[in-house]
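Below: the structure, in structure tokens.
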Amino acid sequence: METIRGRTSHTLDLIELRARLANYNRITLDLGTGDGKFAFCHAENFPGTFTIGIDSCRENLRQYSRANLPNLLYIIASAQNLPRELHGCVSYVTINFPWGSLLESLLNADPLLMHGLGTILTSRASLDVRLNGGALAEQGWSLEDGAAQVRENLVRVGFQVGKPTFLDSRALRAFPSTWAKLLAFGRDPRAIEIKSCCNRVGSGG
Ligand SMILES: C[S@@+](CC[C@H](N)C(=O)[O-])C[C@H]1O[C@@H](n2cnc3c(N)ncnc32)[C@H](O)[C@@H]1O
């Protein structure tokens with residue numbers, strides 16, 4: 001599993017990972033973390049929770065991955081090939097304003113993503129997905145229809161999904177991620193939040 005700190009990569013094996021997680025009962029994963037700001041804020045605000053940010057792109061992670069917090073780790077990995085080392089560990093997943101193949105996989109119920117999520121989650125884990133209008137429009141969906149499609153896909157693999165919540169520019173401004181701020185002041189400051197939880201998802205056991 002490739003981890004990153006500043007410009008430096010380090011391969012972390014299962015033993016090292018378990019040692020870092022040893023004193024934490026709750027592990028949060030921010031998938032498609034971008035520059036990692038949301039994961040950093042979460043780790044700062046919840047020192048008793050271990051927070052992991054994952055993104056397939058390393059370039060944007062340089063600043064926040066330098067942070068010296070004992071409960072924060074950044075991993076370079078694709079959402080469709082989540083590290084096996086996280087198996088059965090993660091109690092809370094956030095996917096904030098996904099685009100590209102991450103959004104595509106949510107819209108298409110890609111088994112690689114859905115099964116991967118199923119394998120990393122603990123029982124009674126929760127998942128929050130926030131989708132924005134511009135990213136969905138790029139994939140040919142309206143905000144409402146795209147959110148409904150993702151919601152349906154999550155239900156199909158076993159999540160219990162709550163009622164979607166609309167996020168306007170004010171809500172986006174208050175949200176602690178870099179992309180939320182950009183959206184708030186951009187041309188299409190609309191997003192939908194889908195909160196869900198699961199007992200067991202997909203075939204991940
Ligand atoms: C619009 S940015 C949002 C970043 C961050 N969540 C935020 O709120 O600031 C979407 C992120 O998803 C990541 N992403 C897209 N497809 C991915 C995939 N298949 N696996 C992991 N990350 C992916 C991109 O690299 C990008 O950093």
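Ligands are numbered from 1 in the order shown, chains are lettered A, B, ... in the order of the structure tokens, and residues start at 1 in each chain.
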For Asp35 in chain A, find every residue with an atom within 8 Å (counting only C-alpha atoms), except residues of its own chain fewer than 6 positions away, and show them as number ranges by chain. A: 60-64, 178
Residues contacting ligand 1 - anything with an atom at most 7 Å away, using only C-alpha atoms and all ligand atoms - can you give me those as a ChimeraX atom specification? /A:31-38,54-57,77-80,95-103,177-180
What's around range 146-151 of chain A at 7 Å? Count only C-alpha atoms, leave out sequence neighbours fewer than 3 positions away in its own chain, and write the answer as a ChimeraX atom specification. /A:106-107,131,136,141-143,154-155,161,192
Residue list (helix (DSSP H, G or I), DSSP) for range 42-196 of chain A, as a ChimeraX atom specification: /A:42-45,59-61,64-66,84-86,100-107,111-120,133-138,143-156,169-174,178-184
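Among the candidates A:Gln139, A:Asn81, A:Thr94, A:Asn132, the residue lying nearest to Met1 in chain A is A:Asn81 (atoms considered: only C-alpha atoms).
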Identify all residues of range 3-168 of chain A in strand (DSSP E or B) (DSSP on the backbone) and supply them as a ChimeraX atom specification. /A:3-5,8-11,26-31,49-55,72-76,90-96,121-132,160-161,165-167
Keeping only N, CA and C atoms, take the residues you just selected and write them out as a short mmCIF file (atom, residue, chain, number, x, y, z; two decimals), in the first residue's frame.
data_model
loop_
_atom_site.label_atom_id
_atom_site.label_comp_id
_atom_site.auth_asym_id
_atom_site.auth_seq_id
_atom_site.Cartn_x
_atom_site.Cartn_y
_atom_site.Cartn_z
N THR A 3 1.73 4.98 0.67
CA THR A 3 1.30 6.16 1.42
C THR A 3 2.15 7.34 0.98
N ILE A 4 1.68 8.54 1.29
CA ILE A 4 2.43 9.72 0.84
C ILE A 4 2.51 10.76 1.94
N ARG A 5 3.68 11.38 2.02
CA ARG A 5 3.90 12.51 2.94
C ARG A 5 4.71 13.53 2.18
N THR A 8 7.16 12.51 -0.61
CA THR A 8 7.80 11.22 -0.36
C THR A 8 6.78 10.10 -0.22
N SER A 9 6.99 9.04 -0.98
CA SER A 9 6.13 7.85 -0.88
C SER A 9 6.75 6.86 0.09
N HIS A 10 5.89 6.09 0.74
CA HIS A 10 6.38 5.04 1.64
C HIS A 10 5.43 3.86 1.50
N THR A 11 6.00 2.68 1.37
CA THR A 11 5.14 1.50 1.31
C THR A 11 4.87 1.01 2.73
N ARG A 26 -12.34 3.89 15.87
CA ARG A 26 -13.08 4.37 14.69
C ARG A 26 -12.10 4.82 13.62
N ILE A 27 -12.36 4.37 12.40
CA ILE A 27 -11.51 4.77 11.28
C ILE A 27 -12.39 5.38 10.18
N THR A 28 -12.04 6.59 9.80
CA THR A 28 -12.77 7.29 8.74
C THR A 28 -11.93 7.26 7.47
N LEU A 29 -12.58 7.04 6.34
CA LEU A 29 -11.89 7.08 5.05
C LEU A 29 -12.54 8.12 4.17
N ASP A 30 -11.75 9.08 3.69
CA ASP A 30 -12.24 10.07 2.74
C ASP A 30 -11.74 9.65 1.35
N LEU A 31 -12.67 9.15 0.54
CA LEU A 31 -12.31 8.57 -0.75
C LEU A 31 -12.43 9.63 -1.84
N THR A 49 -10.34 9.53 16.46
CA THR A 49 -10.63 8.76 15.25
C THR A 49 -9.40 8.79 14.35
N PHE A 50 -9.08 7.67 13.72
CA PHE A 50 -7.99 7.68 12.74
C PHE A 50 -8.59 7.99 11.37
N THR A 51 -8.03 8.96 10.67
CA THR A 51 -8.58 9.38 9.38
C THR A 51 -7.61 9.07 8.26
N ILE A 52 -8.16 8.47 7.19
CA ILE A 52 -7.35 8.13 6.02
C ILE A 52 -7.93 8.84 4.81
N GLY A 53 -7.09 9.53 4.06
CA GLY A 53 -7.50 10.12 2.79
C GLY A 53 -6.92 9.29 1.66
N ILE A 54 -7.76 8.96 0.69
CA ILE A 54 -7.29 8.20 -0.48
C ILE A 54 -7.58 8.97 -1.74
N ASP A 55 -6.61 9.04 -2.63
CA ASP A 55 -6.84 9.58 -3.96
C ASP A 55 -5.91 8.87 -4.93
N LEU A 72 -3.62 10.64 11.16
CA LEU A 72 -3.91 11.00 9.77
C LEU A 72 -2.93 10.30 8.83
N LEU A 73 -3.49 9.74 7.74
CA LEU A 73 -2.66 9.03 6.78
C LEU A 73 -3.24 9.23 5.38
N TYR A 74 -2.38 9.44 4.41
CA TYR A 74 -2.84 9.56 3.02
C TYR A 74 -2.30 8.39 2.20
N ILE A 75 -3.19 7.81 1.42
CA ILE A 75 -2.84 6.64 0.61
C ILE A 75 -3.10 6.96 -0.85
N ILE A 76 -2.18 6.56 -1.71
CA ILE A 76 -2.40 6.69 -3.15
C ILE A 76 -2.99 5.37 -3.64
N VAL A 90 -12.91 0.00 8.30
CA VAL A 90 -13.37 1.39 8.17
C VAL A 90 -14.81 1.53 8.66
N SER A 91 -15.02 2.48 9.58
CA SER A 91 -16.36 2.63 10.15
C SER A 91 -17.15 3.78 9.51
N TYR A 92 -16.45 4.65 8.78
CA TYR A 92 -17.15 5.81 8.18
C TYR A 92 -16.42 6.20 6.90
N VAL A 93 -17.17 6.23 5.79
CA VAL A 93 -16.58 6.64 4.51
C VAL A 93 -17.26 7.91 4.03
N THR A 94 -16.46 8.85 3.54
CA THR A 94 -17.01 10.04 2.89
C THR A 94 -16.52 10.06 1.45
N ILE A 95 -17.40 10.40 0.54
CA ILE A 95 -17.02 10.63 -0.87
C ILE A 95 -17.58 12.00 -1.22
N ASN A 96 -16.71 12.99 -1.25
CA ASN A 96 -17.14 14.37 -1.43
C ASN A 96 -16.86 14.88 -2.83
N LEU A 121 -15.46 -2.07 4.93
CA LEU A 121 -16.32 -1.54 5.99
C LEU A 121 -16.45 -2.49 7.17
N THR A 122 -16.60 -1.90 8.35
CA THR A 122 -16.97 -2.69 9.53
C THR A 122 -18.49 -2.89 9.47
N SER A 123 -19.01 -3.73 10.33
CA SER A 123 -20.47 -3.81 10.42
C SER A 123 -20.97 -2.49 11.01
N ARG A 124 -22.13 -2.08 10.62
CA ARG A 124 -22.74 -0.82 11.06
C ARG A 124 -21.92 0.41 10.68
N ALA A 125 -21.25 0.33 9.55
CA ALA A 125 -20.49 1.49 9.06
C ALA A 125 -21.45 2.48 8.39
N SER A 126 -20.99 3.71 8.22
CA SER A 126 -21.82 4.66 7.48
C SER A 126 -21.04 5.28 6.33
N LEU A 127 -21.81 5.74 5.36
CA LEU A 127 -21.23 6.30 4.13
C LEU A 127 -21.97 7.58 3.79
N ASP A 128 -21.23 8.66 3.58
CA ASP A 128 -21.82 9.92 3.12
C ASP A 128 -21.28 10.22 1.73
N VAL A 129 -22.18 10.45 0.78
CA VAL A 129 -21.77 10.82 -0.57
C VAL A 129 -22.34 12.20 -0.87
N ARG A 130 -21.49 13.10 -1.37
CA ARG A 130 -21.96 14.44 -1.77
C ARG A 130 -21.66 14.62 -3.25
N LEU A 131 -22.71 14.87 -4.00
CA LEU A 131 -22.60 14.94 -5.46
C LEU A 131 -22.91 16.36 -5.90
N ASN A 132 -22.15 16.88 -6.86
CA ASN A 132 -22.43 18.25 -7.30
C ASN A 132 -22.92 18.27 -8.75
N GLN A 160 -28.65 1.24 3.80
CA GLN A 160 -29.92 1.88 4.16
C GLN A 160 -29.69 3.37 3.96
N VAL A 161 -30.43 3.93 3.00
CA VAL A 161 -30.12 5.29 2.57
C VAL A 161 -31.19 6.27 3.05
N THR A 165 -30.31 15.38 0.93
CA THR A 165 -30.39 16.77 1.38
C THR A 165 -29.76 17.67 0.32
N PHE A 166 -30.43 18.76 0.01
CA PHE A 166 -29.90 19.71 -0.97
C PHE A 166 -28.89 20.64 -0.29
N LEU A 167 -27.73 20.84 -0.92
CA LEU A 167 -26.73 21.77 -0.39
C LEU A 167 -26.63 22.97 -1.34
#
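With CA of Glu85 in chain A on one side and CA of Arg156 in chain A on the other, the separation reads 25.8 Å.
From CA of Leu82 in chain A back to CA of Glu152 in chain A, the distance works out to 22.3 Å.
From CA of Phe185 in chain A back to CA of Glu138 in chain A, the distance works out to 18.5 Å.
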